[in-house]
Structures are given as structure tokens and as C-alpha cells.
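File shown: protein-v4.pdb (PDB, C-alpha atoms).
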ATOM      1  CA  MET N  80      91.506  78.961 121.018
ATOM      2  CA  MET N  81      93.669  81.862 122.152
ATOM      3  CA  ASN N  82      93.720  85.614 121.777
ATOM      4  CA  ILE N  83      97.230  86.302 120.436
ATOM      5  CA  LEU N  84      98.908  89.699 120.328
ATOM      6  CA  PHE N  85     101.661  89.981 117.703
ATOM      7  CA  LEU N  86     103.991  92.989 117.963
ATOM      8  CA  SER N  87     106.413  94.158 115.298
ATOM      9  CA  ILE N  88     108.125  97.468 114.577
ATOM     10  CA  GLY N  89     108.438  96.292 110.999
ATOM     11  CA  THR N  90     106.041  97.381 108.270
ATOM     12  CA  ILE N  91     103.251  94.938 107.471
ATOM     13  CA  ASN N  92     101.210  96.375 104.619
ATOM     14  CA  ASN N  93      98.879  93.443 104.123
ATOM     15  CA  ILE N  94      98.294  90.221 106.060
ATOM     16  CA  LYS N  95      98.033  88.324 102.764
ATOM     17  CA  GLU N  96     101.566  89.204 101.635
ATOM     18  CA  LYS N  97     104.318  86.598 101.802
ATOM     19  CA  GLY N  98     106.822  86.830 104.637
ATOM     20  CA  ILE N  99     108.072  85.052 107.745
ATOM     21  CA  TYR N 100     105.730  87.013 110.019
ATOM     22  CA  THR N 101     102.636  87.243 107.822
ATOM     23  CA  ASP N 102     102.896  83.503 107.084
ATOM     24  CA  LEU N 103     103.020  82.815 110.839
ATOM     25  CA  ILE N 104     100.104  85.172 111.497
ATOM     26  CA  ARG N 105      97.943  83.467 108.855
ATOM     27  CA  LYS N 106      98.863  80.025 110.199
ATOM     28  CA  LEU N 107      97.796  80.985 113.725
ATOM     29  CA  ASN N 108      94.580  82.489 112.363
ATOM     30  CA  ASN N 109      93.846  79.389 110.257
ATOM     31  CA  GLU N 110      94.313  77.234 113.371
ATOM     32  CA  GLY N 111      91.325  79.050 114.892
ATOM     33  CA  HIS N 112      93.088  81.602 117.102
ATOM     34  CA  ASN N 113      92.134  85.265 117.270
ATOM     35  CA  VAL N 114      95.195  87.192 116.142
ATOM     36  CA  TYR N 115      95.689  90.883 116.901
ATOM     37  CA  VAL N 116      98.610  92.466 115.062
ATOM     38  CA  VAL N 117     100.318  95.743 115.915
ATOM     39  CA  SER N 118     102.828  96.930 113.311
ATOM     40  CA  ALA N 119     104.591 100.179 112.520
ATOM     41  CA  ARG N 120     103.682 102.770 109.917
ATOM     42  CA  GLU N 121     106.546 105.197 109.433
ATOM     43  CA  ARG N 122     105.890 108.919 109.130
ATOM     44  CA  ARG N 123     107.188 109.060 105.546
ATOM     45  CA  VAL N 124     104.105 107.232 104.203
ATOM     46  CA  LYS N 125     101.982 110.177 105.430
ATOM     47  CA  LYS N 126      99.170 108.081 106.880
ATOM     48  CA  GLN N 127      97.678 108.083 110.355
ATOM     49  CA  THR N 128      97.223 105.160 112.756
ATOM     50  CA  GLU N 129      94.651 102.789 111.289
ATOM     51  CA  TYR N 130      92.725  99.747 112.548
ATOM     52  CA  SER N 131      91.188  97.145 110.248
ATOM     53  CA  ILE N 132      90.283  93.466 110.021
ATOM     54  CA  GLU N 133      92.077  91.688 107.183
ATOM     55  CA  SER N 134      91.181  88.080 106.348
ATOM     56  CA  GLY N 135      89.945  87.589 109.915
ATOM     57  CA  VAL N 136      93.065  89.119 111.475
ATOM     58  CA  HIS N 137      92.828  92.318 113.527
ATOM     59  CA  HIS N 138      95.499  94.710 112.264
ATOM     60  CA  LEU N 139      96.541  97.946 113.937
ATOM     61  CA  LYS N 140      99.036 100.019 111.938
ATOM     62  CA  VAL N 141     100.547 102.576 114.312
ATOM     63  CA  LYS N 142     102.080 105.792 113.030
ATOM     64  CA  ILE N 143     105.626 106.257 114.334
ATOM     65  CA  GLY N 144     108.682 108.278 113.312
ATOM     66  CA  ASN N 145     111.035 107.094 110.593
ATOM     67  CA  ILE N 146     113.296 104.238 111.737
ATOM     68  CA  THR N 147     114.556 103.003 108.359
ATOM     69  CA  LYS N 148     116.244 104.777 105.453
ATOM     70  CA  THR N 149     117.061 107.747 107.661
ATOM     71  CA  ASN N 150     119.951 109.182 109.678
ATOM     72  CA  ILE N 151     121.084 107.713 112.999
ATOM     73  CA  LEU N 152     119.712 110.634 115.053
ATOM     74  CA  GLU N 153     116.166 110.361 113.699
ATOM     75  CA  LYS N 154     116.302 106.566 113.880
ATOM     76  CA  GLY N 155     117.398 106.719 117.527
ATOM     77  CA  LEU N 156     114.804 109.261 118.616
ATOM     78  CA  SER N 157     112.003 107.453 116.768
ATOM     79  CA  THR N 158     113.037 104.120 118.280
ATOM     80  CA  LEU N 159     112.944 105.547 121.797
ATOM     81  CA  ARG N 160     109.368 106.774 121.260
ATOM     82  CA  ILE N 161     107.963 103.543 119.807
ATOM     83  CA  GLU N 162     107.181 101.970 123.171
ATOM     84  CA  SER N 163     104.938 104.760 124.447
ATOM     85  CA  ILE N 164     103.222 105.223 121.055
ATOM     86  CA  PHE N 165     102.483 101.493 120.681
ATOM     87  CA  LEU N 166     101.240 101.154 124.261
ATOM     88  CA  LYS N 167      98.885 104.109 123.887
ATOM     89  CA  ALA N 168      97.461 102.623 120.670
ATOM     90  CA  ILE N 169      97.019  99.153 122.200
ATOM     91  CA  ILE N 170      95.167 100.562 125.197
ATOM     92  CA  LYS N 171      92.912 102.572 122.878
ATOM     93  CA  TYR N 172      92.076  99.915 120.281
ATOM     94  CA  TYR N 173      92.513  96.614 122.178
ATOM     95  CA  LYS N 174      91.457  97.655 125.691
ATOM     96  CA  ASN N 175      88.597  95.112 125.819
ATOM     97  CA  VAL N 176      90.669  92.142 124.605
ATOM     98  CA  LYS N 177      92.174  89.732 127.135
ATOM     99  CA  PHE N 178      95.301  88.233 125.580
ATOM    100  CA  ASP N 179      96.535  84.699 126.266
ATOM    101  CA  LEU N 180      99.822  84.966 124.367
ATOM    102  CA  VAL N 181     102.102  87.805 123.275
ATOM    103  CA  LEU N 182     104.526  87.259 120.378
ATOM    104  CA  TYR N 183     107.103  89.915 119.592
ATOM    105  CA  SER N 184     109.798  89.992 116.964
ATOM    106  CA  THR N 185     113.149  91.611 116.394
ATOM    107  CA  PRO N 186     114.151  94.182 117.375
ATOM    108  CA  PRO N 187     111.860  94.103 120.432
ATOM    109  CA  ILE N 188     113.990  96.040 122.938
ATOM    110  CA  THR N 189     111.520  98.914 123.177
ATOM    111  CA  PHE N 190     108.578  96.563 123.828
ATOM    112  CA  GLU N 191     109.509  95.817 127.438
ATOM    113  CA  LYS N 192     106.871  98.088 129.054
ATOM    114  CA  ILE N 193     104.173  96.910 126.650
ATOM    115  CA  ILE N 194     104.847  93.259 127.388
ATOM    116  CA  SER N 195     105.002  93.889 131.134
ATOM    117  CA  TYR N 196     101.671  95.728 130.942
ATOM    118  CA  ILE N 197      99.872  92.961 128.996
ATOM    119  CA  LYS N 198     101.446  90.210 131.090
ATOM    120  CA  LYS N 199     100.319  91.837 134.329
ATOM    121  CA  ARG N 200      96.876  92.862 133.051
ATOM    122  CA  ASP N 201      95.948  89.575 131.341
ATOM    123  CA  ASN N 202      98.313  87.025 132.927
ATOM    124  CA  ALA N 203      99.460  86.255 129.370
ATOM    125  CA  LYS N 204     102.343  84.051 128.317
ATOM    126  CA  THR N 205     105.090  85.810 126.368
ATOM    127  CA  TYR N 206     107.318  84.557 123.539
ATOM    128  CA  LEU N 207     110.283  86.479 122.154
ATOM    129  CA  LEU N 208     111.170  85.706 118.522
ATOM    130  CA  LEU N 209     114.817  86.739 118.740
ATOM    131  CA  LYS N 210     116.264  87.415 115.279
ATOM    132  CA  ASP N 211     118.880  90.112 115.938
ATOM    133  CA  ILE N 212     120.760  90.382 119.216
ATOM    134  CA  PHE N 213     120.579  94.082 120.000
ATOM    135  CA  PRO N 214     122.417  96.191 121.137
ATOM    136  CA  GLN N 215     125.395  93.863 120.546
ATOM    137  CA  ASN N 216     124.873  93.908 116.768
ATOM    138  CA  ALA N 217     124.997  97.731 116.803
ATOM    139  CA  VAL N 218     128.346  97.530 118.638
ATOM    140  CA  ASP N 219     129.628  95.040 116.050
ATOM    141  CA  LEU N 220     128.633  97.496 113.319
ATOM    142  CA  LYS N 221     130.457 100.263 115.224
ATOM    143  CA  MET N 222     127.301 102.357 115.553
ATOM    144  CA  PHE N 223     128.215 102.994 119.202
ATOM    145  CA  SER N 224     130.566 101.518 121.782
ATOM    146  CA  LYS N 225     129.979  99.423 124.877
ATOM    147  CA  ASN N 226     131.095 102.386 126.962
ATOM    148  CA  SER N 227     128.389 104.678 125.598
ATOM    149  CA  ILE N 228     125.298 105.732 127.520
ATOM    150  CA  ILE N 229     123.037 104.547 124.713
ATOM    151  CA  TYR N 230     124.537 101.029 124.846
ATOM    152  CA  LYS N 231     124.061 100.822 128.612
ATOM    153  CA  TYR N 232     120.455 102.018 128.256
ATOM    154  CA  PHE N 233     119.544  99.443 125.623
ATOM    155  CA  ARG N 234     121.515  96.701 127.363
ATOM    156  CA  ARG N 235     119.436  97.266 130.501
ATOM    157  CA  LYS N 236     116.247  97.120 128.402
ATOM    158  CA  GLU N 237     117.495  93.910 126.771
ATOM    159  CA  LYS N 238     118.043  92.212 130.128
ATOM    160  CA  GLN N 239     114.606  93.311 131.348
ATOM    161  CA  LEU N 240     113.043  91.899 128.192
ATOM    162  CA  TYR N 241     114.727  88.517 128.639
ATOM    163  CA  LYS N 242     113.545  88.482 132.250
ATOM    164  CA  ILE N 243     109.855  89.013 131.459
ATOM    165  CA  SER N 244     109.833  86.641 128.462
ATOM    166  CA  ASP N 245     108.470  83.198 129.283
ATOM    167  CA  PHE N 246     110.149  81.763 126.185
ATOM    168  CA  ILE N 247     112.970  82.982 123.961
ATOM    169  CA  GLY N 248     113.197  81.509 120.469
ATOM    170  CA  CYS N 249     116.597  81.884 118.789
ATOM    171  CA  MET N 250     117.648  81.379 115.175
ATOM    172  CA  SER N 251     120.341  78.786 115.890
ATOM    173  CA  GLN N 252     122.147  76.861 118.620
ATOM    174  CA  ALA N 253     124.970  79.404 118.365
ATOM    175  CA  ASN N 254     122.480  82.157 119.215
ATOM    176  CA  VAL N 255     121.165  80.124 122.156
ATOM    177  CA  ASP N 256     124.706  79.657 123.442
ATOM    178  CA  PHE N 257     125.497  83.362 123.008
ATOM    179  CA  ILE N 258     122.416  84.472 124.961
ATOM    180  CA  LEU N 259     123.082  82.080 127.842
ATOM    181  CA  ARG N 260     126.806  82.845 127.941
ATOM    182  CA  ASN N 261     126.299  86.611 128.066
ATOM    183  CA  ASN N 262     123.188  86.527 130.250
ATOM    184  CA  PRO N 263     123.841  83.878 132.923
ATOM    185  CA  GLU N 264     120.806  85.036 134.903
ATOM    186  CA  VAL N 265     118.479  83.749 132.158
ATOM    187  CA  ASP N 266     116.897  80.352 132.856
ATOM    188  CA  LYS N 267     118.289  78.037 130.172
ATOM    189  CA  SER N 268     115.062  76.010 130.086
ATOM    190  CA  LYS N 269     113.182  78.887 128.442
ATOM    191  CA  VAL N 270     115.676  79.456 125.617
ATOM    192  CA  GLU N 271     115.193  77.316 122.520
ATOM    193  CA  ILE N 272     115.747  77.199 118.769
ATOM    194  CA  CYS N 273     112.909  78.726 116.746
ATOM    195  CA  PRO N 274     114.125  79.267 113.166
ATOM    196  CA  ASN N 275     112.347  81.251 110.483
ATOM    197  CA  SER N 276     109.472  79.459 108.819
ATOM    198  CA  ILE N 277     107.402  80.161 105.721
ATOM    199  CA  GLU N 278     104.309  78.786 104.077
ATOM    200  CA  PRO N 279     105.455  76.670 101.096
ATOM    201  CA  THR N 280     104.095  77.851  97.768
ATOM    202  CA  THR N 281     104.481  76.661  94.216
ATOM    203  CA  ILE N 282     105.894  79.182  91.776
ATOM    204  CA  GLU N 283     105.033  78.321  88.200
ATOM    205  CA  ARG N 284     107.966  79.247  85.972
ATOM    206  CA  SER N 285     107.300  80.097  82.372
ATOM    207  CA  GLU N 286     110.279  80.099  80.007
ATOM    208  CA  LYS N 287     108.517  82.709  77.880
ATOM    209  CA  LYS N 288     108.002  85.026  80.841
ATOM    210  CA  LYS N 289     111.552  84.404  82.046
ATOM    211  CA  ILE N 290     112.927  85.503  78.686
ATOM    212  CA  TYR N 291     110.645  88.566  78.692
ATOM    213  CA  ILE N 292     111.738  89.677  82.191
ATOM    214  CA  ARG N 293     115.435  89.115  81.519
ATOM    215  CA  ASN N 294     115.212  91.124  78.322
ATOM    216  CA  LYS N 295     113.310  93.842  80.193
ATOM    217  CA  TYR N 296     116.232  94.330  82.601
ATOM    218  CA  ASN N 297     119.018  93.495  80.111
ATOM    219  CA  ILE N 298     119.954  90.327  82.014
ATOM    220  CA  PRO N 299     121.807  87.666  79.964
ATOM    221  CA  LEU N 300     119.699  84.612  79.180
ATOM    222  CA  GLU N 301     122.520  82.074  79.388
ATOM    223  CA  LYS N 302     123.971  83.057  82.771
ATOM    224  CA  THR N 303     123.135  81.909  86.295
ATOM    225  CA  VAL N 304     121.492  84.865  88.033
ATOM    226  CA  PHE N 305     122.035  85.733  91.706
ATOM    227  CA  ILE N 306     119.552  88.200  93.167
ATOM    228  CA  TYR N 307     119.570  90.275  96.337
ATOM    229  CA  GLY N 308     116.411  92.234  97.084
ATOM    230  CA  GLY N 309     115.623  94.212 100.211
ATOM    231  CA  ASN N 310     117.056  96.734 102.614
ATOM    232  CA  LEU N 311     120.560  98.010 101.971
ATOM    233  CA  GLY N 312     121.748  99.238 105.355
ATOM    234  CA  LYS N 313     124.709  98.563 107.615
ATOM    235  CA  PRO N 314     123.283  95.292 109.055
ATOM    236  CA  GLN N 315     123.104  93.845 105.531
ATOM    237  CA  GLY N 316     126.889  93.873 105.160
ATOM    238  CA  VAL N 317     127.205  95.916 101.979
ATOM    239  CA  ASP N 318     131.026  95.854 102.208
ATOM    240  CA  PHE N 319     130.935  92.054 102.020
ATOM    241  CA  LEU N 320     128.530  92.259  99.079
ATOM    242  CA  ILE N 321     131.028  94.497  97.274
ATOM    243  CA  GLU N 322     133.786  91.966  98.039
ATOM    244  CA  CYS N 323     131.660  89.251  96.413
ATOM    245  CA  LEU N 324     131.133  91.392  93.317
ATOM    246  CA  ASN N 325     134.861  92.119  93.100
ATOM    247  CA  SER N 326     135.844  88.468  93.458
ATOM    248  CA  ASN N 327     133.517  87.543  90.573
ATOM    249  CA  LYS N 328     134.504  90.314  88.178
ATOM    250  CA  GLY N 329     135.993  87.869  85.711
ATOM    251  CA  ASN N 330     133.325  85.205  86.091
ATOM    252  CA  ASN N 331     131.379  85.156  82.818
ATOM    253  CA  LYS N 332     129.053  82.382  83.961
ATOM    254  CA  VAL N 333     127.160  84.444  86.545
ATOM    255  CA  TYR N 334     125.187  87.688  86.747
ATOM    256  CA  PHE N 335     124.248  89.644  89.879
ATOM    257  CA  VAL N 336     121.105  91.715  90.345
ATOM    258  CA  ILE N 337     120.947  93.903  93.438
ATOM    259  CA  ALA N 338     117.671  95.682  94.135
ATOM    260  CA  GLY N 339     116.773  97.727  97.173
ATOM    261  CA  SER N 340     117.191 100.939  99.090
ATOM    262  CA  GLY N 341     118.621 102.080 102.384
ATOM    263  CA  THR N 342     121.375 104.074 104.028
ATOM    264  CA  GLU N 343     124.122 102.123 102.205
ATOM    265  CA  PHE N 344     122.594 102.331  98.726
ATOM    266  CA  GLN N 345     124.832 105.253  97.777
ATOM    267  CA  LYS N 346     127.934 103.245  98.692
ATOM    268  CA  LEU N 347     126.844 100.582  96.195
ATOM    269  CA  GLN N 348     125.972 103.230  93.615
ATOM    270  CA  THR N 349     129.450 104.723  93.948
ATOM    271  CA  TYR N 350     131.000 101.278  93.500
ATOM    272  CA  PHE N 351     128.966 100.626  90.339
ATOM    273  CA  ASP N 352     129.776 104.086  88.928
ATOM    274  CA  LYS N 353     133.518 103.587  89.446
ATOM    275  CA  GLN N 354     133.954  99.898  88.669
ATOM    276  CA  GLN N 355     131.137  99.426  86.136
ATOM    277  CA  PRO N 356     130.995  95.624  86.545
ATOM    278  CA  GLU N 357     129.846  93.890  83.367
ATOM    279  CA  ASN N 358     128.176  91.001  85.189
ATOM    280  CA  ALA N 359     126.091  92.980  87.692
ATOM    281  CA  GLN N 360     123.536  95.754  87.942
ATOM    282  CA  LEU N 361     122.012  97.850  90.706
ATOM    283  CA  LEU N 362     118.305  98.678  90.824
ATOM    284  CA  LYS N 363     116.350 100.818  93.276
ATOM    285  CA  GLN N 364     113.495  98.352  93.150
ATOM    286  CA  LEU N 365     112.386  95.125  91.519
ATOM    287  CA  PRO N 366     108.695  94.177  91.565
ATOM    288  CA  LYS N 367     108.104  90.852  93.301
ATOM    289  CA  GLU N 368     106.313  89.401  90.270
ATOM    290  CA  ASP N 369     109.420  90.106  88.167
ATOM    291  CA  TYR N 370     111.728  88.740  90.894
ATOM    292  CA  ASP N 371     109.847  85.413  90.934
ATOM    293  CA  ARG N 372     110.132  85.046  87.142
ATOM    294  CA  LEU N 373     113.879  85.630  86.835
TER
END
Just give me the structure of the file as C-alpha cells.
Amino acid sequence: MMNILFLSIGTINNIKEKGIYTDLIRKLNNEGHNVYVVSARERRVKKQTEYSIESGVHHLKVKIGNITKTNILEKGLSTLRIESIFLKAIIKYYKNVKFDLVLYSTPPITFEKIISYIKKRDNAKTYLLLKDIFPQNAVDLKMFSKNSIIYKYFRRKEKQLYKISDFIGCMSQANVDFILRNNPEVDKSKVEICPNSIEPTTIERSEKKKIYIRNKYNIPLEKTVFIYGGNLGKPQGVDFLIECLNSNKGNNKVYFVIAGSGTEFQKLQTYFDKQQPENAQLLKQLPKEDYDRL
């Protein structure tokens, strides 16, 4: 049995909800390990830092600045402050816990001091769940250049993080190759493939409920429906999504439902206002229970 610290700057509202991280957390807990989660709570929700025990899992929701659905300046400043805010909260709430393993997920660049602190204090093993390769992905999205000070700062943090990580789990062999090619100082024996995983569940589909939900959103009953739900920001490739919609304008066999919010939502809204595609619609949100029944 281990004491496991799980770090994420993502929002985890409830340990019981479905998701790649909550499913992993529950699995570790069900295997008999003591799991201590630290997740972010953005300022916009107007709630303070809160500690609770949910289904046997210790959960610390730490209040931070806004890092999603905001401008680049606020996102950058809030991201830079996460490390010190998280570390202060961990010391306050988990000071008497000796951790055996630290798991941290994307983007973990600002966790370097936290991981170093826990590793030194508890002699813990550390595992990086590498989903996005930052800051390279920000360069690819033209958010800043490789010659910028901000890139050099985050690149240095990235290298330090790889150095202190005992294991680095990548999404694919291509990611493994990229990390080793661009970071030759990293020991190849500690880099491996660790793809996303979920807890399989059975979704009972009712034809009656399907018809009700499709009628509710004016979705044709006879067409194949493609759904995108989630964040609509630059990393999600909204331009490519628009290309897909354009290429299927004359396809009367399919229907697209796009639901979400983010910095690129307005770009999609403008596209829908101008083009008015007959086989697609844009929603600001779609309840999960409705999503599952479509």
C-alpha cells in the first residue's frame, strides 16, 4: 500500500465523475492505496481552497487564477503563480503525509519545485504523465517564438522536470522518440508509452430517449451524428474543425454537433453566422446525460 500524491492543474469537481484522471484515481484507491489529489479551482468559480475526503480519496481543491477561457496575459501570470500556491497548500494540508509516489499530469511544467520538494522530503518516486509537450506546442500554435524569453524560461523548467522525473509516460512511440531526440540528456530507460486509459462502462441506449433528445436539439433522426464536446481553444485546432465542416457542407448523410466554450468559440460562432451550415449546429453546452443518449 502506498501514499500517492496526484497533481493536476485541471479542474476535478468530483472524484466520482468520469474522466481519464478520475478513473485512474479511483482505480488506485480501489487497489488499496491512499490517494491524495491536488487540483485547481480557478478564481472565476468564486470559491476558496477546500479540502475534503471523497469516496476514500483525499481531495484538495486549490484556488488559483484563471488559466482557461481567458486572455493570454492572465493565463500566463496565473500559470507562473501555480507552483508557489500549490506548494503552500500541500505543506499546509498534507504536511504529515509521507508520500511514496507522485503522479503529475499535463501540463506539469510549473510543478518542478513541488516535485523536487516531495522527492527530497519523502524520498518518493515520481511519474510524469506527459500528454502535451510544452512549451513546444505553444510555439507550434504561434503563441510565442523559440527566441522569446518566455519560451526559454519554460524550456528550462521542462528540462528540469524531465531530470527529476523517475519515469516519463508518453502517449505514443512518436512522443517517446520526440522527447529523446530533443532531450538527449534524458535516460531513455525511463521514458515509456503510457496511453490514456478509462474505466469501461456500459451505456444503455434507449431508442425512445434518443428520439426525445434529438428532437430537443432539432437533430435529424435519420442522420449519423458526429459530436465534439469540450474546450474550444487554440490547442483544439478550431481551424481544422472548420475545414471539416466546410468539406462536408453537401453531405446530407451526416450531422455535426459542436458543444463547448473557450477562447476560440467566437471564431466558430462567426463561421456559423456567416455560413449557416444546414448539417451542423453550435452549442455553448450539452449536458453529459444528453450527450450519452444522442
Residue with smallest distance to Tyr232 (chain N) - pool N:Thr189, N:Gln360, N:Asn261, N:Ser244, counting only C-alpha atoms: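 When distances to Tyr232 (chain N) are compared using only C-alpha atoms, the smallest one comes from N:Thr189.
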Residues within 10 Å of region 94-102 of chain N, only C-alpha atoms, excluding chain neighbours under 6 positions, as number ranges by chain: N: 85, 87, 108, 116, 132-138, 184, 274-280
For C-alpha atoms, I'd like the residues from the last selection saved as a compact mmCIF listing (two decimals), in the coordinates of the input.
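The resulting file, out_23.txt, is reproduced below:
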# COMPACT_ATOMS: atom_id res chain seq x y z
CA PHE N 85 101.66 89.98 117.70
CA SER N 87 106.41 94.16 115.30
CA ASN N 108 94.58 82.49 112.36
CA VAL N 116 98.61 92.47 115.06
CA ILE N 132 90.28 93.47 110.02
CA GLU N 133 92.08 91.69 107.18
CA SER N 134 91.18 88.08 106.35
CA GLY N 135 89.94 87.59 109.92
CA VAL N 136 93.06 89.12 111.48
CA HIS N 137 92.83 92.32 113.53
CA HIS N 138 95.50 94.71 112.26
CA SER N 184 109.80 89.99 116.96
CA PRO N 274 114.12 79.27 113.17
CA ASN N 275 112.35 81.25 110.48
CA SER N 276 109.47 79.46 108.82
CA ILE N 277 107.40 80.16 105.72
CA GLU N 278 104.31 78.79 104.08
CA PRO N 279 105.46 76.67 101.10
CA THR N 280 104.10 77.85 97.77
Given all atoms listed in the file as the counted atoms, nearest of N:Leu107, N:His112, N:Arg260, N:Asn92 to Val124 (chain N):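 Checking each candidate against Val124 (chain N), we get N:Asn92 as the closest.
As for CA of Lys198 (chain N) and CA of Arg234 (chain N), they are spaced 21.4 Å apart.
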Test item: residues at most 10 Å from Asn262 (chain N), only C-alpha atoms, excluding those fewer than 4 positions along its chain, as a PyMOL selection string: chain N and resi 237-238+241+256-258+266-267
Closest of N:Lys225, N:Lys167, N:Lys140, N:Lys204 to Ile91 (chain N) - atom-to-atom distances counting only C-alpha atoms: N:Lys140
Within 10 Å of Val336 (chain N) using all atoms listed in the file, minus same-chain residues under 3 positions, as a ChimeraX atom specification: /N:296,298,304-308,358-362,365,370
Atoms added to region 117-126 of chain N (all heavy atoms), reported as a tab-separated table (two decimals), in the coordinates of the input:
chain	number	residue	atom	x	y	z
N	117	VAL	N	99.96	94.33	115.80
N	117	VAL	CA	100.32	95.74	115.92
N	117	VAL	C	101.64	95.92	115.17
N	117	VAL	O	102.65	95.33	115.54
N	117	VAL	CB	100.48	96.20	117.38
N	117	VAL	CG1	100.78	97.70	117.43
N	117	VAL	CG2	99.23	95.89	118.19
N	118	SER	N	101.62	96.69	114.10
N	118	SER	CA	102.83	96.93	113.31
N	118	SER	C	103.05	98.43	113.13
N	118	SER	O	102.17	99.24	113.45
N	118	SER	CB	102.72	96.24	111.94
N	118	SER	OG	101.66	96.78	111.18
N	119	ALA	N	104.22	98.77	112.64
N	119	ALA	CA	104.59	100.18	112.52
N	119	ALA	C	104.25	100.75	111.15
N	119	ALA	O	104.30	100.06	110.14
N	119	ALA	CB	106.09	100.34	112.79
N	120	ARG	N	103.90	102.02	111.16
N	120	ARG	CA	103.68	102.77	109.92
N	120	ARG	C	104.52	104.04	110.02
N	120	ARG	O	104.19	104.95	110.79
N	120	ARG	CB	102.20	103.09	109.74
N	120	ARG	CG	101.89	104.07	108.64
N	120	ARG	CD	100.39	104.30	108.50
N	120	ARG	NE	99.77	103.27	107.69
N	120	ARG	CZ	98.46	103.17	107.49
N	120	ARG	NH1	97.64	104.00	108.11
N	120	ARG	NH2	97.96	102.23	106.71
N	121	GLU	N	105.63	104.08	109.30
N	121	GLU	CA	106.55	105.20	109.43
N	121	GLU	C	105.96	106.50	108.90
N	121	GLU	O	105.12	106.49	108.00
N	121	GLU	CB	107.87	104.87	108.74
N	121	GLU	CG	108.62	103.72	109.40
N	121	GLU	CD	109.99	103.51	108.79
N	121	GLU	OE1	110.76	104.48	108.68
N	121	GLU	OE2	110.30	102.35	108.44
N	122	ARG	N	106.43	107.60	109.45
N	122	ARG	CA	105.89	108.92	109.13
N	122	ARG	C	105.98	109.24	107.64
N	122	ARG	O	105.12	109.94	107.10
N	122	ARG	CB	106.64	109.99	109.93
N	122	ARG	CG	106.05	111.40	109.76
N	122	ARG	CD	106.70	112.44	110.65
N	122	ARG	NE	108.11	112.62	110.31
N	122	ARG	CZ	109.11	112.27	111.10
N	122	ARG	NH1	108.86	111.70	112.26
N	122	ARG	NH2	110.37	112.48	110.74
N	123	ARG	N	106.98	108.70	106.95
N	123	ARG	CA	107.19	109.06	105.55
N	123	ARG	C	106.03	108.64	104.64
N	123	ARG	O	105.87	109.20	103.55
N	123	ARG	CB	108.49	108.46	105.02
N	123	ARG	CG	108.50	106.96	104.91
N	123	ARG	CD	109.71	106.48	104.08
N	123	ARG	NE	110.95	107.01	104.59
N	123	ARG	CZ	111.69	106.41	105.54
N	123	ARG	NH1	111.26	105.26	106.06
N	123	ARG	NH2	112.81	106.93	105.97
N	124	VAL	N	105.22	107.65	105.06
N	124	VAL	CA	104.10	107.23	104.20
N	124	VAL	C	102.92	108.19	104.30
N	124	VAL	O	101.95	108.08	103.54
N	124	VAL	CB	103.64	105.79	104.53
N	124	VAL	CG1	104.78	104.81	104.40
N	124	VAL	CG2	103.02	105.71	105.92
N	125	LYS	N	102.99	109.11	105.28
N	125	LYS	CA	101.98	110.18	105.43
N	125	LYS	C	100.57	109.63	105.63
N	125	LYS	O	99.62	110.08	105.00
N	125	LYS	CB	102.03	111.12	104.22
N	125	LYS	CG	103.37	111.84	104.07
N	125	LYS	CD	103.39	112.75	102.85
N	125	LYS	CE	104.75	113.44	102.73
N	125	LYS	NZ	104.82	114.33	101.54
N	126	LYS	N	100.47	108.63	106.51
N	126	LYS	CA	99.17	108.08	106.88
N	126	LYS	C	99.09	107.97	108.39
N	126	LYS	O	100.09	107.74	109.06
N	126	LYS	CB	98.95	106.70	106.25
N	126	LYS	CG	98.78	106.73	104.74
N	126	LYS	CD	98.49	105.34	104.19
N	126	LYS	CE	98.30	105.37	102.69
N	126	LYS	NZ	98.00	104.01	102.14
